[in-house]
Amino acid sequence: IYRDVANNMKKLLFILILILISSCGSNKNTLVADKKFELCSDIRYERLISNFDPLARKSVYKRNIHSLFENLLIREGYLTEVNKAGYRDLLNKVRKNKVDLNLFEKFKTDLGFDPQILFATGSFTSCYTYIIENIGIVDEDCWQYKFRDTYWKFEAEGNLHQENDFIFDALKVIPEKKFQDINYRKLFLDLIFLELEPYPSEPIFRTN
């Protein structure tokens, strides 16, 4: 009897180990998903900048445009913390029209060119679909899956000025540790730029 119990316990332990190894939260799967997402983001972003002549001699700027925009938001006092709480506060400021539109003229002056073409939300949302559907390395239990679906709900409503909390729900889904990676902040920086830019709004087309 004791031998049977011991064998059953070993089998149960083995099953639990397999579940942990294959789960979305495992370090191995998380690292793979991060790397695949980063590669997808880099490739899709490269498509945006490949024909952008003003950046021909400013490779550092084009590679770090999101970080530069984030720096400006920090310098101007709109972003007080580079974490989820700080971005939630920033999104609220954008929603309540508390960000000076002259910010973009300052940004353009600092850069020496108009960076509008470099901010395209669809380039990063499509990478969530890529790791979920195209290569299937995350499933419905993963935060990336939940984030994508929640963000799509926000996207369907139009913009930040709609009376719903989908964008905040999407932000909440991202683990705080992951949010320290700018690859997962770029989408929010794109959104903020596009919400505030002094250009006519254009429909956002999702590319998978």
# chains A, B, ... in the order shown; residues from 1 in each chain; ligands from 1
call {"tool": "closest_atom_pairs", "arguments": {"of": "segment 130-186 of chain A", "to": "segment 80-86 of chain A", "cutoff": "9 Å", "atoms": "only C-alpha atoms", "output": "JSON lines"}}
result
{"residue": "A:Leu171", "atom": "CA", "partner": "A:Lys84", "partner_atom": "CA", "distance": 7.0}
{"residue": "A:Lys172", "atom": "CA", "partner": "A:Lys84", "partner_atom": "CA", "distance": 7.6}
{"residue": "A:Ile174", "atom": "CA", "partner": "A:Lys84", "partner_atom": "CA", "distance": 8.5}
{"residue": "A:Pro175", "atom": "CA", "partner": "A:Lys84", "partner_atom": "CA", "distance": 8.9}
{"residue": "A:Glu176", "atom": "CA", "partner": "A:Lys84", "partner_atom": "CA", "distance": 6.6}
{"residue": "A:Lys177", "atom": "CA", "partner": "A:Asn83", "partner_atom": "CA", "distance": 9.0}
{"residue": "A:Phe179", "atom": "CA", "partner": "A:Asn83", "partner_atom": "CA", "distance": 6.6}
{"residue": "A:Gln180", "atom": "CA", "partner": "A:Asn83", "partner_atom": "CA", "distance": 6.7}
call {"tool": "residues_around", "arguments": {"residues": "Val173 of chain A", "least_positions_apart": "6", "cutoff": "8 Å", "atoms": "only C-alpha atoms", "output": "VMD selection string"}}
result
chain A and resid 143 146 to 147
call {"tool": "closest_residue", "arguments": {"among": "A:Trp152, A:Glu197, A:Ser67, A:Tyr78", "to": "Asn102 of chain A", "atoms": "only C-alpha atoms"}}
result
A:Glu197
call {"tool": "closest_residue", "arguments": {"among": "A:Tyr87, A:Phe113, A:Phe154, A:Tyr145", "to": "Ser126 of chain A", "atoms": "only C-alpha atoms"}}
result
A:Tyr145
call {"tool": "closest_residue", "arguments": {"among": "A:Lys153, A:Phe119, A:Asp110, A:Ser59", "to": "Asn71 of chain A", "atoms": "only C-alpha atoms"}}
result
A:Asp110
call {"tool": "select_by_dssp", "arguments": {"residues": "segment 47-171 of chain A", "states": "alpha helix (DSSP H)", "output": "PyMOL selection string"}}
result
chain A and resi 47-49+59-63+65-75+84-95+103-111+122-129+143-157+166-171
call {"tool": "write_last_selection", "arguments": {"atoms": "C-alpha atoms", "output": "PDB file, in the first residue's frame"}}
result
ATOM      1  CA  ARG A  47       9.443  48.937 -42.109  1.00  0.00           C
ATOM      2  CA  LEU A  48       8.316  52.329 -40.835  1.00  0.00           C
ATOM      3  CA  ILE A  49      11.742  53.908 -40.929  1.00  0.00           C
ATOM      4  CA  SER A  59      20.118  56.384 -36.676  1.00  0.00           C
ATOM      5  CA  VAL A  60      20.362  56.933 -32.908  1.00  0.00           C
ATOM      6  CA  TYR A  61      17.203  59.037 -33.007  1.00  0.00           C
ATOM      7  CA  LYS A  62      15.188  56.573 -35.062  1.00  0.00           C
ATOM      8  CA  ARG A  63      16.239  53.612 -32.910  1.00  0.00           C
ATOM      9  CA  ILE A  65      12.409  57.630 -30.722  1.00  0.00           C
ATOM     10  CA  HIS A  66      10.093  56.195 -28.046  1.00  0.00           C
ATOM     11  CA  SER A  67      12.672  56.625 -25.313  1.00  0.00           C
ATOM     12  CA  LEU A  68      13.280  60.202 -26.480  1.00  0.00           C
ATOM     13  CA  PHE A  69       9.557  60.965 -26.391  1.00  0.00           C
ATOM     14  CA  GLU A  70       9.316  59.405 -22.942  1.00  0.00           C
ATOM     15  CA  ASN A  71      12.251  61.568 -21.807  1.00  0.00           C
ATOM     16  CA  LEU A  72      10.382  64.661 -22.985  1.00  0.00           C
ATOM     17  CA  LEU A  73       7.257  63.640 -21.068  1.00  0.00           C
ATOM     18  CA  ILE A  74       9.401  63.191 -17.949  1.00  0.00           C
ATOM     19  CA  ARG A  75      11.241  66.475 -18.448  1.00  0.00           C
ATOM     20  CA  LYS A  84       2.312  51.398 -14.533  1.00  0.00           C
ATOM     21  CA  ALA A  85       1.124  53.932 -11.953  1.00  0.00           C
ATOM     22  CA  GLY A  86       2.997  56.714 -13.739  1.00  0.00           C
ATOM     23  CA  TYR A  87       1.521  55.752 -17.097  1.00  0.00           C
ATOM     24  CA  ARG A  88      -1.972  55.496 -15.666  1.00  0.00           C
ATOM     25  CA  ASP A  89      -1.601  59.049 -14.380  1.00  0.00           C
ATOM     26  CA  LEU A  90      -0.233  60.173 -17.757  1.00  0.00           C
ATOM     27  CA  LEU A  91      -3.124  58.571 -19.654  1.00  0.00           C
ATOM     28  CA  ASN A  92      -5.552  60.359 -17.345  1.00  0.00           C
ATOM     29  CA  LYS A  93      -3.833  63.675 -18.095  1.00  0.00           C
ATOM     30  CA  VAL A  94      -4.190  63.031 -21.816  1.00  0.00           C
ATOM     31  CA  ARG A  95      -7.849  62.101 -21.385  1.00  0.00           C
ATOM     32  CA  LEU A 103       4.949  69.685 -26.531  1.00  0.00           C
ATOM     33  CA  PHE A 104       5.139  68.430 -30.108  1.00  0.00           C
ATOM     34  CA  GLU A 105       6.782  71.571 -31.397  1.00  0.00           C
ATOM     35  CA  LYS A 106       9.403  71.166 -28.682  1.00  0.00           C
ATOM     36  CA  PHE A 107       9.892  67.549 -29.683  1.00  0.00           C
ATOM     37  CA  LYS A 108      10.238  68.400 -33.373  1.00  0.00           C
ATOM     38  CA  THR A 109      12.702  71.178 -32.558  1.00  0.00           C
ATOM     39  CA  ASP A 110      14.801  68.873 -30.376  1.00  0.00           C
ATOM     40  CA  LEU A 111      14.868  66.190 -33.077  1.00  0.00           C
ATOM     41  CA  GLY A 122      -0.665  48.930 -35.162  1.00  0.00           C
ATOM     42  CA  SER A 123       2.992  47.949 -35.479  1.00  0.00           C
ATOM     43  CA  PHE A 124       3.059  46.775 -31.875  1.00  0.00           C
ATOM     44  CA  THR A 125      -0.490  45.447 -31.391  1.00  0.00           C
ATOM     45  CA  SER A 126       0.059  43.131 -34.352  1.00  0.00           C
ATOM     46  CA  CYS A 127       3.044  41.586 -32.569  1.00  0.00           C
ATOM     47  CA  TYR A 128       0.753  40.322 -29.820  1.00  0.00           C
ATOM     48  CA  THR A 129      -1.281  38.556 -32.499  1.00  0.00           C
ATOM     49  CA  TRP A 143      -1.051  38.029 -19.941  1.00  0.00           C
ATOM     50  CA  GLN A 144      -0.200  38.853 -23.569  1.00  0.00           C
ATOM     51  CA  TYR A 145      -3.416  37.182 -24.744  1.00  0.00           C
ATOM     52  CA  LYS A 146      -5.505  39.008 -22.145  1.00  0.00           C
ATOM     53  CA  PHE A 147      -3.796  42.299 -22.922  1.00  0.00           C
ATOM     54  CA  ARG A 148      -4.412  42.020 -26.655  1.00  0.00           C
ATOM     55  CA  ASP A 149      -8.120  41.285 -26.262  1.00  0.00           C
ATOM     56  CA  THR A 150      -8.614  44.063 -23.725  1.00  0.00           C
ATOM     57  CA  TYR A 151      -6.701  46.541 -25.873  1.00  0.00           C
ATOM     58  CA  TRP A 152      -8.837  45.607 -28.868  1.00  0.00           C
ATOM     59  CA  LYS A 153     -11.918  46.510 -26.824  1.00  0.00           C
ATOM     60  CA  PHE A 154     -10.380  49.914 -26.179  1.00  0.00           C
ATOM     61  CA  GLU A 155      -9.415  50.291 -29.834  1.00  0.00           C
ATOM     62  CA  ALA A 156     -12.973  49.496 -30.915  1.00  0.00           C
ATOM     63  CA  GLU A 157     -14.230  52.443 -28.863  1.00  0.00           C
ATOM     64  CA  PHE A 166     -10.547  49.538 -21.326  1.00  0.00           C
ATOM     65  CA  ILE A 167      -7.140  51.183 -21.722  1.00  0.00           C
ATOM     66  CA  PHE A 168      -6.616  51.109 -17.957  1.00  0.00           C
ATOM     67  CA  ASP A 169      -7.816  47.502 -17.827  1.00  0.00           C
ATOM     68  CA  ALA A 170      -5.267  46.655 -20.529  1.00  0.00           C
ATOM     69  CA  LEU A 171      -2.495  48.427 -18.629  1.00  0.00           C
TER      70      LEU A 171
END
call {"tool": "closest_residue", "arguments": {"among": "A:Tyr45, A:Leu196, A:Asp34, A:Pro115", "to": "His161 of chain A", "atoms": "only C-alpha atoms"}}
result
A:Leu196
call {"tool": "closest_residue", "arguments": {"among": "A:Asn164, A:Lys178, A:Ala120, A:Gly77", "to": "Ser41 of chain A", "atoms": "only C-alpha atoms"}}
result
A:Ala120
call {"tool": "atom_distance", "arguments": {"atom1": "atom CA of Cys40 of chain A", "atom2": "atom CA of Asn159 of chain A"}}
result
24.8 Å
call {"tool": "atom_distance", "arguments": {"atom1": "atom CA of Gln116 of chain A", "atom2": "atom CA of Tyr130 of chain A"}}
result
24.6 Å
call {"tool": "atom_distance", "arguments": {"atom1": "atom CA of Val138 of chain A", "atom2": "atom CA of Ala33 of chain A"}}
result
7.3 Å
call {"tool": "closest_residue", "arguments": {"among": "A:Leu79, A:Leu191, A:Ile182, A:Leu160", "to": "Leu118 of chain A", "atoms": "only C-alpha atoms"}}
result
A:Leu191
